[in-house]
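Reviewing the structure listed below.
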4 protein chains.
Amino acid sequence: MADGTIGVGMLGYAFMGKAHSRAFREAAALHPPVVPRLVSISGRTAEKVEAARVEHGWAEATTDWREQVADERIGLFDNGGPNDLHAEPTIAAARAGKHVFCEKPLGRTAAESLEIWRAAAEAGIVHMCGFNYRFVPAVRLAREILEAGDLGELFHFRARYLQSWGVDAPPSWRFDRAAAGSGALGDLGAHIVDLGRYLIGEPVAVSAVVKTFVDGHEVDDTFAATVEFESGVVGTLEASRLATGRINHNTFEVNGSRGALSFDVERLNELQVAEGKWFRRVLVTEPEHPFMRFWWPPGHIVGWGDTFTHEIHHLLEAIAGEHDVAPHGATFEDGYRCAEVCDAIVRSAESGRRETIEYRERSE
Amino acid sequence: MADGTIGVGMLGYAFMGKAHSRAFREAAALHPPVVPRLVSISGRTAEKVEAARVEHGWAEATTDWREQVADERIGLFDNGGPNDLHAEPTIAAARAGKHVFCEKPLGRTAAESLEIWRAAAEAGIVHMCGFNYRFVPAVRLAREILEAGDLGELFHFRARYLQSWGVDAPPSWRFDRAAAGSGALGDLGAHIVDLGRYLIGEPVAVSAVVKTFVDGHEVDDTFAATVEFESGVVGTLEASRLATGRINHNTFEVNGSRGALSFDVERLNELQVAEGKWFRRVLVTEPEHPFMRFWWPPGHIVGWGDTFTHEIHHLLEAIAGEHDVAPHGATFEDGYRCAEVCDAIVRSAESGRRETIEYRERSE
Amino acid sequence: MADGTIGVGMLGYAFMGKAHSRAFREAAALHPPVVPRLVSISGRTAEKVEAARVEHGWAEATTDWREQVADERIGLFDNGGPNDLHAEPTIAAARAGKHVFCEKPLGRTAAESLEIWRAAAEAGIVHMCGFNYRFVPAVRLAREILEAGDLGELFHFRARYLQSWGVDAPPSWRFDRAAAGSGALGDLGAHIVDLGRYLIGEPVAVSAVVKTFVDGHEVDDTFAATVEFESGVVGTLEASRLATGRINHNTFEVNGSRGALSFDVERLNELQVAEGKWFRRVLVTEPEHPFMRFWWPPGHIVGWGDTFTHEIHHLLEAIAGEHDVAPHGATFEDGYRCAEVCDAIVRSAESGRRETIEYRERSE
Amino acid sequence: MADGTIGVGMLGYAFMGKAHSRAFREAAALHPPVVPRLVSISGRTAEKVEAARVEHGWAEATTDWREQVADERIGLFDNGGPNDLHAEPTIAAARAGKHVFCEKPLGRTAAESLEIWRAAAEAGIVHMCGFNYRFVPAVRLAREILEAGDLGELFHFRARYLQSWGVDAPPSWRFDRAAAGSGALGDLGAHIVDLGRYLIGEPVAVSAVVKTFVDGHEVDDTFAATVEFESGVVGTLEASRLATGRINHNTFEVNGSRGALSFDVERLNELQVAEGKWFRRVLVTEPEHPFMRFWWPPGHIVGWGDTFTHEIHHLLEAIAGEHDVAPHGATFEDGYRCAEVCDAIVRSAESGRRETIEYRERSE
């Protein structure tokens, strides 16, 4: 970093590998305080990782992430691999003194997530968990409105993340318990739990039903939960991979005594804002709106991929010391706390009880 | 009824009294097999009931519903009074051999509802509970699509009934436990529970949180619940009187293996139908659509009040023996079963457990 | 009227006959200052008019509207017949001293409309032309917002009335030049011209294209026009019976220096209002909203048929001397002025020129 | 190009300069058959062009576009400058044998556009005019649906491009006649004219009104036109910079005998498709949808800036000889023909007549 750059090593080359690669390239073009260099990409299969290297513009490819952990040129380790490869490489990289960026869910369980967080915190490096929806301009705007207290006393948070591809999906690690840990819960539910935490605060209790409909799936296809927050806000959380008619319907609503917010990722440039009785459709592309300094005149929308650009730019600023990852980025602590909520959802589904959520401290 | 007419006596003159009065008048103009005559209206306060008599076109007014029960001119007793006046007058009228129409919720509890149902069933008269949303053309169309099996195996039902007037409402019997029994649960929640039963089948378990936010309210302002149906369908039920930004947002979504449905009462002439991947916005005003034989050429929408016209026309056909009230109208059995679900929601909120729902038989 | 009632004679028993009959019944129930009595209905075919009499609740039926004109019991003549039966009966009724209500378009041409207006005005009776969309609550609210000057200097008015039934319609008088005068222009276009006049002011010039696509149709299937108003506002007017995907898409938008309005009849309880940068979706069902004194608590929508109830209630108030028909109802002068705009559209389509519109006075 | 790369020189560094720079970078990462190298950027003001060079990642900066024209390292000249700088540099670059990409409108008038087209055609190089909306996935899908004939006989095309920033905009070359040529017409109207040509075919006649509302503006703030196409399709074209409530509302609708399409740039990942009676909301993000091979799993939307990536990737393929720029990209012939339509709109506004459009050939 003496030269204002940082070497990046990335694990994973599928969906997230593609999204992260593009985001490093794009974030670099936005003149961050530390400029990423794409040193190496790793993955299990030599042929595929080499193809990904070429496709996504990395200098080198390897089938052994340990080489990346040992590589002195690498200052930032980006883990976009499958869920069962989150803990070991991320912890190893952190212990090797590298900054770490890990996709969500952080671990497959709260226990695993706690271990990752603690290792990263002890290592003293910068850590960020990949909750990219915090970097949607409309979501950041929602947070600003909530922080300003414009909605008065908050009553409700309800969120749904509905997709439908699970109805006739081919086999994948995503349906395998050992590899994925969970299904819709970790894949989709983790996102809305994190948004709830980002926007409202800490969940303290959930009651849930979790269900697998499709033969051959080892993990949940869907869950539904009631949720109570520390502040008294109540609502629901739902996710499904079987919600036909919905493609990527990640949506939330907040109602307070003086107004309300409503959002849907399929229209990610829009935020419905009620300050007073009626919802206004705000197109979050005005110059004063979050992240718009990077983009275009009003009305020219950004895409889903651009949320990763914002996220990685934010991480690079944190690495440069311009601000902390938190509160606008999710740290590994956020990744762990999210996992506690997901675990409580599973426990409640099994026990048939409302489960309270206890968060452990870093150094308990 | 020898002359093809039936005398009607109505209890109540507020919101429901107005809606029912208009619906009797309008249904009469649709040439039902039995034509209603508006014999008398009753209510507690002499002055107000006389004003309502004039306003809504009833022949006589009385402050004593017992007079109506004893009135031989009256063949149909319509109970649109407050919830604590549902049981006694409705049972008395049924026992006097009158057909009975009672607004929802049938009773304030499942026990009270069961008592009303049993009395009506024993009396052998026609009974209907006022779940008017079954008579929205789009809801009937949804039922037809589901009955035809067009959506394949059903996975999800999620419904919300969100209003916001509770945030700054003046005092009312609706916030009083003795008079209302419950708040958002009986007022709004009962409607979506009934829609769930009409469209999907019997709920068998719920986990819920129920909450009162506003000082001075004795009843719930809101509840949220997960729900499991006998058929395996899972989802959520939510209602609130504090959901700012929402006025009368009574909405449901069904997802099955081959398609989905989505509906909102604020746009009650529209049904979103996905047969295949994409939602189509169907304007439920085509000649072949339910109830449209009563109305206009395509695209000329009906109003909320017209659902009562459909409902009362349906009741009059049932009284004439053309069909049973069920399955398209809600009987008192439906009113009772809905109350069991509502009671289970309250129990679950108190116990912190998933509560299973047991339905009692008429003659246990 | 000595007894506070007025006898009504109606010509026509098709779509408009049904809508008007219901509206008289419903308006009567709203306690207007003069209560309508449905004296007689007339139509060409004895069998059909008798069936309509029974269906719509009229006391007598006749095949000769002249009997109605001569009937002393009738104080209000309502002409809902085909366009070629607007002039003669309406004029005769007015000259016989009856108040007259005539469906739109007033005449088939401006000349015919002018003749009707002049006859009615000379007779000194109350006259109203059936532009029922002025009686949509959201349209009246739009007028109130515009009158208050909330949108600043007005720039644009653009309106479309799009339907699709003409693509495969069976033969009808509506496609016949002699009977209908015009097609989409008089049927649909007249409505949006009237809305433009009601909301913005007088059109002074149009440039248009008018077209018949379907073999066998004698009248226009569609037209499109640019329009300039006296105040300087510019925009477009379009109507079509061949606009697939659209059922009853009667929509307008107004843009001014400080805000904008947008409306669609398919969602007739909603008005999009931008006071400032963003559109708010206003559900026009609040107690303070136009006509809502007749209806329900917020969020419970009215239907298309109810606009006729508002319209006839307004007419009855005018007959009772409580206010003039104008400005909120359309007089025959409005019917005539609308026809001048429609004629100019036809002239422009034929001449290929921008046609200026000259309005004649009543007593020129 | 011996090494599979091509040097690019760009004129302009404002809105379009930023969009093009990003698109070259992004297109390069998609592994086009010819990879762009960002050789130099030019602009009037030395300080600003140097800042833009750094910001947008160009190797060199110059204040003299003639240096670029003379630069042998440059094989592609990209003109994103103001409208009065389109003709001379573009023609010079073409004559110097460089491929040319010029932003729309091609020239300020049809005559100027014709000159540019002829020069480019004579030079035998690849030329493309910057109508980026052809590269919106939903627009390409619309074209595919139309080409397949799925909508039957076409009746209507109506398009609007509405923005509102002109109401209180600071002074700019965009309001200056000499620099811009026209206002809303060339800036916004050109886009919808091009979409009409791409989707429907050649316009043959227009009737228009053009208007400047704001003091100090030399160019049009708005226009409205009726349009007739060679195929018989009729409709309207409108653009405004004063359409409050609208931010970047570039929208079109096509109606045919068997279905319809509707689109809005503010929701650029959606296409409303009616094949049959009802509109389906298609989220144009499925693997088989246009351009989606470059992107993400379904439901993860692309942004406005990405349309330029598609456009430049298309141009690079054309330069590599993989396909022609036409029909999916706009050539300079398209730029010229669009200008004829725009000129006819101006003529019609001045003459008050329907103006027919004559297209000149390249070698007349």
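Identifiers for the structure tokens are assigned positionally: chains receive A, B, ... in sequence, residues are indexed from 1 per chain, and ligands are indexed from 1 in the order shown.
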Closest atom pairs, residues of chain D within 8 Å of chain B, only C-alpha atoms, as a tab-separated table:
```
residue	atom	partner	partner_atom	distance
D:Trp278	CA	B:Arg280	CA	6.0
D:Phe279	CA	B:Arg280	CA	5.5
D:Arg280	CA	B:Arg280	CA	4.1
D:Arg281	CA	B:Phe279	CA	6.1
D:Val282	CA	B:Trp278	CA	6.2
```
(message) DSSP on the backbone, strand (DSSP E) only: what residues of segment 201-360 of chain D does that give? Format it as a PyMOL selection string.
(response) chain D and resi 203-211+222-229+234-240+249-256+259-264+270-275+280-283+355-356
(message) I'd like the interatomic distance between atom CA of Glu122 of chain A and atom CA of Lys98 of chain A, to a tenth of an Å.
(response) 12.2 Å
Which residues are close to Gly4 of chain C, i.e. within 12 Å by only C-alpha atoms, leaving aside same-chain residues fewer than 2 positions away? Reply as a PDB file with all heavy atoms, in the first residue's frame.
```
ATOM      1  N   MET C   1     -93.187  19.073  -8.685  1.00  0.00           N
ATOM      2  CA  MET C   1     -92.148  19.326  -7.692  1.00  0.00           C
ATOM      3  C   MET C   1     -92.693  19.930  -6.407  1.00  0.00           C
ATOM      4  O   MET C   1     -91.945  20.205  -5.473  1.00  0.00           O
ATOM      5  CB  MET C   1     -91.055  20.234  -8.246  1.00  0.00           C
ATOM      6  CG  MET C   1     -90.016  19.486  -9.053  1.00  0.00           C
ATOM      7  SD  MET C   1     -88.810  20.578  -9.826  1.00  0.00           S
ATOM      8  CE  MET C   1     -88.232  21.534  -8.436  1.00  0.00           C
ATOM      9  N   ALA C   2     -94.001  20.163  -6.428  1.00  0.00           N
ATOM     10  CA  ALA C   2     -94.609  20.709  -5.212  1.00  0.00           C
ATOM     11  C   ALA C   2     -94.372  19.762  -4.031  1.00  0.00           C
ATOM     12  O   ALA C   2     -94.158  20.172  -2.902  1.00  0.00           O
ATOM     13  CB  ALA C   2     -96.109  20.907  -5.431  1.00  0.00           C
ATOM     14  N   ILE C   6     -89.714  14.780  -8.693  1.00  0.00           N
ATOM     15  CA  ILE C   6     -89.777  15.113 -10.114  1.00  0.00           C
ATOM     16  C   ILE C   6     -89.916  13.824 -10.906  1.00  0.00           C
ATOM     17  O   ILE C   6     -89.217  12.837 -10.647  1.00  0.00           O
ATOM     18  CB  ILE C   6     -88.532  15.929 -10.549  1.00  0.00           C
ATOM     19  CG1 ILE C   6     -88.714  16.438 -11.987  1.00  0.00           C
ATOM     20  CG2 ILE C   6     -87.262  15.098 -10.437  1.00  0.00           C
ATOM     21  CD1 ILE C   6     -87.702  17.516 -12.357  1.00  0.00           C
ATOM     22  N   GLY C   7     -90.844  13.842 -11.868  1.00  0.00           N
ATOM     23  CA  GLY C   7     -91.029  12.668 -12.727  1.00  0.00           C
ATOM     24  C   GLY C   7     -89.968  12.639 -13.815  1.00  0.00           C
ATOM     25  O   GLY C   7     -89.636  13.669 -14.399  1.00  0.00           O
ATOM     26  N   ALA C  28     -81.594   8.981  -5.533  1.00  0.00           N
ATOM     27  CA  ALA C  28     -82.797   9.164  -4.715  1.00  0.00           C
ATOM     28  C   ALA C  28     -82.528   8.779  -3.266  1.00  0.00           C
ATOM     29  O   ALA C  28     -83.024   9.424  -2.329  1.00  0.00           O
ATOM     30  CB  ALA C  28     -83.947   8.339  -5.283  1.00  0.00           C
ATOM     31  N   HIS C  31     -81.030  11.320  -0.648  1.00  0.00           N
ATOM     32  CA  HIS C  31     -81.846  12.436  -0.169  1.00  0.00           C
ATOM     33  C   HIS C  31     -81.549  13.744  -0.891  1.00  0.00           C
ATOM     34  O   HIS C  31     -81.225  14.754  -0.252  1.00  0.00           O
ATOM     35  CB  HIS C  31     -81.695  12.591   1.346  1.00  0.00           C
ATOM     36  CG  HIS C  31     -82.004  11.339   2.074  1.00  0.00           C
ATOM     37  ND1 HIS C  31     -83.284  10.830   2.178  1.00  0.00           N
ATOM     38  CD2 HIS C  31     -81.205  10.414   2.662  1.00  0.00           C
ATOM     39  CE1 HIS C  31     -83.259   9.689   2.832  1.00  0.00           C
ATOM     40  NE2 HIS C  31     -82.011   9.399   3.129  1.00  0.00           N
ATOM     41  N   PRO C  32     -81.695  13.726  -2.193  1.00  0.00           N
ATOM     42  CA  PRO C  32     -81.496  14.966  -2.953  1.00  0.00           C
ATOM     43  C   PRO C  32     -82.652  15.919  -2.667  1.00  0.00           C
ATOM     44  O   PRO C  32     -83.707  15.489  -2.184  1.00  0.00           O
ATOM     45  CB  PRO C  32     -81.543  14.488  -4.402  1.00  0.00           C
ATOM     46  CG  PRO C  32     -82.419  13.280  -4.368  1.00  0.00           C
ATOM     47  CD  PRO C  32     -82.153  12.622  -3.046  1.00  0.00           C
ATOM     48  N   PRO C  33     -82.455  17.187  -2.960  1.00  0.00           N
ATOM     49  CA  PRO C  33     -83.511  18.170  -2.674  1.00  0.00           C
ATOM     50  C   PRO C  33     -84.767  17.927  -3.521  1.00  0.00           C
ATOM     51  O   PRO C  33     -85.847  18.374  -3.133  1.00  0.00           O
ATOM     52  CB  PRO C  33     -82.860  19.508  -3.022  1.00  0.00           C
ATOM     53  CG  PRO C  33     -81.710  19.176  -3.895  1.00  0.00           C
ATOM     54  CD  PRO C  33     -81.246  17.822  -3.484  1.00  0.00           C
ATOM     55  N   VAL C  34     -84.606  17.284  -4.653  1.00  0.00           N
ATOM     56  CA  VAL C  34     -85.746  16.871  -5.463  1.00  0.00           C
ATOM     57  C   VAL C  34     -85.568  15.380  -5.718  1.00  0.00           C
ATOM     58  O   VAL C  34     -84.505  14.961  -6.187  1.00  0.00           O
ATOM     59  CB  VAL C  34     -85.784  17.600  -6.824  1.00  0.00           C
ATOM     60  CG1 VAL C  34     -87.050  17.225  -7.589  1.00  0.00           C
ATOM     61  CG2 VAL C  34     -85.695  19.092  -6.629  1.00  0.00           C
ATOM     62  N   VAL C  35     -86.588  14.609  -5.436  1.00  0.00           N
ATOM     63  CA  VAL C  35     -86.452  13.158  -5.531  1.00  0.00           C
ATOM     64  C   VAL C  35     -87.059  12.655  -6.846  1.00  0.00           C
ATOM     65  O   VAL C  35     -88.205  12.971  -7.164  1.00  0.00           O
ATOM     66  CB  VAL C  35     -87.156  12.473  -4.338  1.00  0.00           C
ATOM     67  CG1 VAL C  35     -87.063  10.947  -4.447  1.00  0.00           C
ATOM     68  CG2 VAL C  35     -86.547  12.955  -3.020  1.00  0.00           C
ATOM     69  N   PRO C  36     -86.270  11.917  -7.609  1.00  0.00           N
ATOM     70  CA  PRO C  36     -86.767  11.450  -8.905  1.00  0.00           C
ATOM     71  C   PRO C  36     -87.765  10.294  -8.775  1.00  0.00           C
ATOM     72  O   PRO C  36     -87.592   9.409  -7.940  1.00  0.00           O
ATOM     73  CB  PRO C  36     -85.492  10.983  -9.613  1.00  0.00           C
ATOM     74  CG  PRO C  36     -84.555  10.621  -8.513  1.00  0.00           C
ATOM     75  CD  PRO C  36     -84.871  11.539  -7.371  1.00  0.00           C
ATOM     76  N   ARG C  37     -88.811  10.339  -9.610  1.00  0.00           N
ATOM     77  CA  ARG C  37     -89.738   9.225  -9.774  1.00  0.00           C
ATOM     78  C   ARG C  37     -89.577   8.705 -11.198  1.00  0.00           C
ATOM     79  O   ARG C  37     -89.613   9.495 -12.157  1.00  0.00           O
ATOM     80  CB  ARG C  37     -91.186   9.681  -9.575  1.00  0.00           C
ATOM     81  CG  ARG C  37     -91.582   9.946  -8.125  1.00  0.00           C
ATOM     82  CD  ARG C  37     -93.009  10.510  -8.039  1.00  0.00           C
ATOM     83  NE  ARG C  37     -93.071  11.868  -8.573  1.00  0.00           N
ATOM     84  CZ  ARG C  37     -93.632  12.228  -9.738  1.00  0.00           C
ATOM     85  NH1 ARG C  37     -94.220  11.310 -10.493  1.00  0.00           N
ATOM     86  NH2 ARG C  37     -93.616  13.472 -10.153  1.00  0.00           N
ATOM     87  N   GLY C  75     -91.008  15.800 -15.535  1.00  0.00           N
ATOM     88  CA  GLY C  75     -90.356  17.101 -15.413  1.00  0.00           C
ATOM     89  C   GLY C  75     -88.913  17.087 -15.883  1.00  0.00           C
ATOM     90  O   GLY C  75     -88.292  18.122 -16.083  1.00  0.00           O
ATOM     91  N   LEU C 316     -79.967  17.080  -9.860  1.00  0.00           N
ATOM     92  CA  LEU C 316     -81.169  17.301  -9.046  1.00  0.00           C
ATOM     93  C   LEU C 316     -80.996  18.530  -8.153  1.00  0.00           C
ATOM     94  O   LEU C 316     -81.948  19.298  -7.956  1.00  0.00           O
ATOM     95  CB  LEU C 316     -81.467  16.041  -8.217  1.00  0.00           C
ATOM     96  CG  LEU C 316     -81.858  14.811  -9.060  1.00  0.00           C
ATOM     97  CD1 LEU C 316     -81.826  13.538  -8.214  1.00  0.00           C
ATOM     98  CD2 LEU C 316     -83.238  14.982  -9.712  1.00  0.00           C
ATOM     99  N   GLU C 317     -79.800  18.736  -7.643  1.00  0.00           N
ATOM    100  CA  GLU C 317     -79.538  19.962  -6.881  1.00  0.00           C
ATOM    101  C   GLU C 317     -79.691  21.198  -7.764  1.00  0.00           C
ATOM    102  O   GLU C 317     -80.205  22.225  -7.326  1.00  0.00           O
ATOM    103  CB  GLU C 317     -78.124  19.927  -6.291  1.00  0.00           C
ATOM    104  CG  GLU C 317     -77.971  18.946  -5.127  1.00  0.00           C
ATOM    105  CD  GLU C 317     -76.550  18.904  -4.599  1.00  0.00           C
ATOM    106  OE1 GLU C 317     -75.601  19.141  -5.395  1.00  0.00           O
ATOM    107  OE2 GLU C 317     -76.358  18.612  -3.414  1.00  0.00           O
ATOM    108  N   ILE C 319     -81.593  21.436 -10.413  1.00  0.00           N
ATOM    109  CA  ILE C 319     -83.025  21.604 -10.670  1.00  0.00           C
ATOM    110  C   ILE C 319     -83.705  22.252  -9.464  1.00  0.00           C
ATOM    111  O   ILE C 319     -84.604  23.077  -9.610  1.00  0.00           O
ATOM    112  CB  ILE C 319     -83.651  20.236 -11.023  1.00  0.00           C
ATOM    113  CG1 ILE C 319     -83.201  19.824 -12.430  1.00  0.00           C
ATOM    114  CG2 ILE C 319     -85.186  20.284 -10.926  1.00  0.00           C
ATOM    115  CD1 ILE C 319     -83.588  18.407 -12.831  1.00  0.00           C
ATOM    116  N   ALA C 320     -83.229  21.925  -8.289  1.00  0.00           N
ATOM    117  CA  ALA C 320     -83.794  22.514  -7.068  1.00  0.00           C
ATOM    118  C   ALA C 320     -83.286  23.928  -6.825  1.00  0.00           C
ATOM    119  O   ALA C 320     -83.693  24.579  -5.861  1.00  0.00           O
ATOM    120  CB  ALA C 320     -83.448  21.636  -5.871  1.00  0.00           C
TER     121      ALA C 320
END
```
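In this comparison, which uses only C-alpha atoms, the residue of C:Ala318, C:Arg160, C:Val193, C:Gly43 approaching Ile125 of chain C most closely is C:Ala318.
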(message) So that I can check the surroundings of segment 238-249 of chain A, please list as a ChimeraX atom specification every protein, DNA and RNA residue that reaches within 7 Å of it, counting only C-alpha atoms and ignoring chain neighbours fewer than 4 positions away.
(response) /A:159-167,184-185,188-189,221-225,264-266 /B:255-257,259-260,274,277-279 /D:298-300
(request) Do a neighbour search on Glu147 of chain C at 12 Å with only C-alpha atoms, toss out local chain neighbours closer than 3 positions, and write the hits as a ChimeraX atom specification. (result) /C:140-144,150-154,198-201,327
(message) Report, in Å with one decimal, the straight-line distance from atom CA of Phe294 of chain A to atom CA of Trp65 of chain D.
(response)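 If I compute the distance from atom CA of Phe294 of chain A to atom CA of Trp65 of chain D, I get 27.0 Å.
Going from atom CA of Val210 of chain D over to atom CA of Gly181 of chain D, you cover 13.7 Å.
Among the candidates C:Val214, C:Val284, C:Leu38, C:Ala344, the one nearest to Phe155 of chain D when counting only C-alpha atoms is C:Val214.
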(message) For the structure I just gave you, how does DSSP split segment 86-302 of chain A - specifically, which residues are alpha helix (DSSP H)? Reply as number ranges by chain.
(response) A: 87-95, 110-123, 137-147, 177-180, 184, 190-199
(message) Show me, as a PyMOL selection string, the residues that have an atom within 12 Å of Thr62 of chain C when counting only C-alpha atoms, minus same-chain residues fewer than 2 positions from it.
(response) chain C and resi 9-13+39-53+58-60+64-69+71
Restricting the output to N, CA and C atoms, write the selected residues as a short mmCIF file (atom, residue, chain, number, x, y, z; two decimals), in the first residue's frame.
```cif
data_model
loop_
_atom_site.label_atom_id
_atom_site.label_comp_id
_atom_site.auth_asym_id
_atom_site.auth_seq_id
_atom_site.Cartn_x
_atom_site.Cartn_y
_atom_site.Cartn_z
N GLY C 9 -88.58 10.86 -17.42
CA GLY C 9 -88.78 10.02 -18.59
C GLY C 9 -87.43 9.80 -19.24
N MET C 10 -87.11 8.54 -19.53
CA MET C 10 -85.81 8.24 -20.11
C MET C 10 -85.94 7.61 -21.49
N LEU C 11 -85.13 8.06 -22.41
CA LEU C 11 -85.05 7.45 -23.73
C LEU C 11 -83.77 6.61 -23.78
N GLY C 12 -83.92 5.32 -24.14
CA GLY C 12 -82.73 4.47 -24.26
C GLY C 12 -82.69 3.43 -23.16
N TYR C 13 -82.24 2.23 -23.52
CA TYR C 13 -82.25 1.17 -22.50
C TYR C 13 -81.04 0.25 -22.60
N VAL C 39 -90.87 7.57 -14.15
CA VAL C 39 -92.20 7.53 -14.76
C VAL C 39 -92.24 6.61 -15.98
N SER C 40 -91.36 6.86 -16.93
CA SER C 40 -91.45 6.01 -18.13
C SER C 40 -90.12 5.92 -18.86
N ILE C 41 -89.97 4.84 -19.56
CA ILE C 41 -88.79 4.57 -20.38
C ILE C 41 -89.27 4.35 -21.81
N SER C 42 -88.50 4.87 -22.78
CA SER C 42 -88.91 4.69 -24.18
C SER C 42 -87.77 4.08 -24.99
N GLY C 43 -88.16 3.42 -26.08
CA GLY C 43 -87.19 2.79 -26.98
C GLY C 43 -87.91 2.29 -28.21
N ARG C 44 -87.14 1.92 -29.22
CA ARG C 44 -87.75 1.60 -30.50
C ARG C 44 -88.57 0.32 -30.50
N THR C 45 -88.06 -0.71 -29.79
CA THR C 45 -88.65 -2.03 -29.91
C THR C 45 -89.48 -2.34 -28.67
N ALA C 46 -90.76 -2.58 -28.90
CA ALA C 46 -91.70 -2.72 -27.78
C ALA C 46 -91.27 -3.79 -26.79
N GLU C 47 -90.88 -4.91 -27.32
CA GLU C 47 -90.52 -6.02 -26.46
C GLU C 47 -89.30 -5.69 -25.58
N LYS C 48 -88.32 -5.09 -26.24
CA LYS C 48 -87.09 -4.78 -25.51
C LYS C 48 -87.30 -3.67 -24.48
N VAL C 49 -88.11 -2.69 -24.84
CA VAL C 49 -88.29 -1.59 -23.90
C VAL C 49 -89.11 -2.06 -22.70
N GLU C 50 -90.04 -2.97 -22.93
CA GLU C 50 -90.81 -3.52 -21.81
C GLU C 50 -89.88 -4.33 -20.88
N ALA C 51 -89.00 -5.11 -21.49
CA ALA C 51 -88.04 -5.88 -20.68
C ALA C 51 -87.15 -4.93 -19.87
N ALA C 52 -86.74 -3.86 -20.51
CA ALA C 52 -85.89 -2.89 -19.82
C ALA C 52 -86.67 -2.19 -18.70
N ARG C 53 -87.93 -1.90 -18.96
CA ARG C 53 -88.77 -1.28 -17.92
C ARG C 53 -88.76 -2.13 -16.65
N TRP C 58 -88.74 1.02 -14.12
CA TRP C 58 -89.55 2.17 -14.55
C TRP C 58 -91.03 1.79 -14.50
N ALA C 59 -91.86 2.78 -14.27
CA ALA C 59 -93.29 2.49 -14.10
C ALA C 59 -93.94 2.09 -15.42
N GLU C 60 -93.62 2.81 -16.48
CA GLU C 60 -94.26 2.57 -17.77
C GLU C 60 -93.22 2.47 -18.87
N ASP C 64 -92.65 5.42 -28.12
CA ASP C 64 -92.69 6.76 -28.73
C ASP C 64 -92.26 7.81 -27.72
N TRP C 65 -91.06 8.34 -27.93
CA TRP C 65 -90.57 9.35 -26.98
C TRP C 65 -91.47 10.59 -26.98
N ARG C 66 -92.24 10.78 -28.07
CA ARG C 66 -93.14 11.96 -28.10
C ARG C 66 -94.19 11.88 -27.00
N GLU C 67 -94.53 10.68 -26.65
CA GLU C 67 -95.45 10.55 -25.51
C GLU C 67 -94.83 11.07 -24.23
N GLN C 68 -93.56 10.84 -24.11
CA GLN C 68 -92.88 11.35 -22.91
C GLN C 68 -92.82 12.87 -22.92
N VAL C 69 -92.52 13.40 -24.11
CA VAL C 69 -92.44 14.86 -24.22
C VAL C 69 -93.78 15.49 -23.87
N ASP C 71 -95.95 14.19 -21.80
CA ASP C 71 -96.43 13.68 -20.51
C ASP C 71 -96.21 14.72 -19.41
#
```
(request) Pick out the residues sitting within 9 Å of Phe332 of chain D, and hand them over as a list in words; count only C-alpha atoms, and ignore anything fewer than 2 positions along from it in its own chain. (result)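 Residues meeting the cut-off are Phe101, Cys102, Leu106, Ser113, Leu114, Ile116, Trp117, Arg118, Ala120, Ala121, His127, Met128, Cys129, Ala330, Asp334, Gly335, Tyr336 and Arg337 of chain D.
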(message) Ranking B:Glu115, B:Ala205, B:Ala96, B:Asn79 by minimum distance to Glu364 of chain B and counting only C-alpha atoms, which one comes first?
(response) B:Glu115
(request) Would you mind telling me which residue in D:Gly235, D:Gly303, D:Gly107, D:Gly57 lies nearest to Val206 of chain D when using only C-alpha atoms? (result)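 Nearest to Val206 of chain D: D:Gly235.
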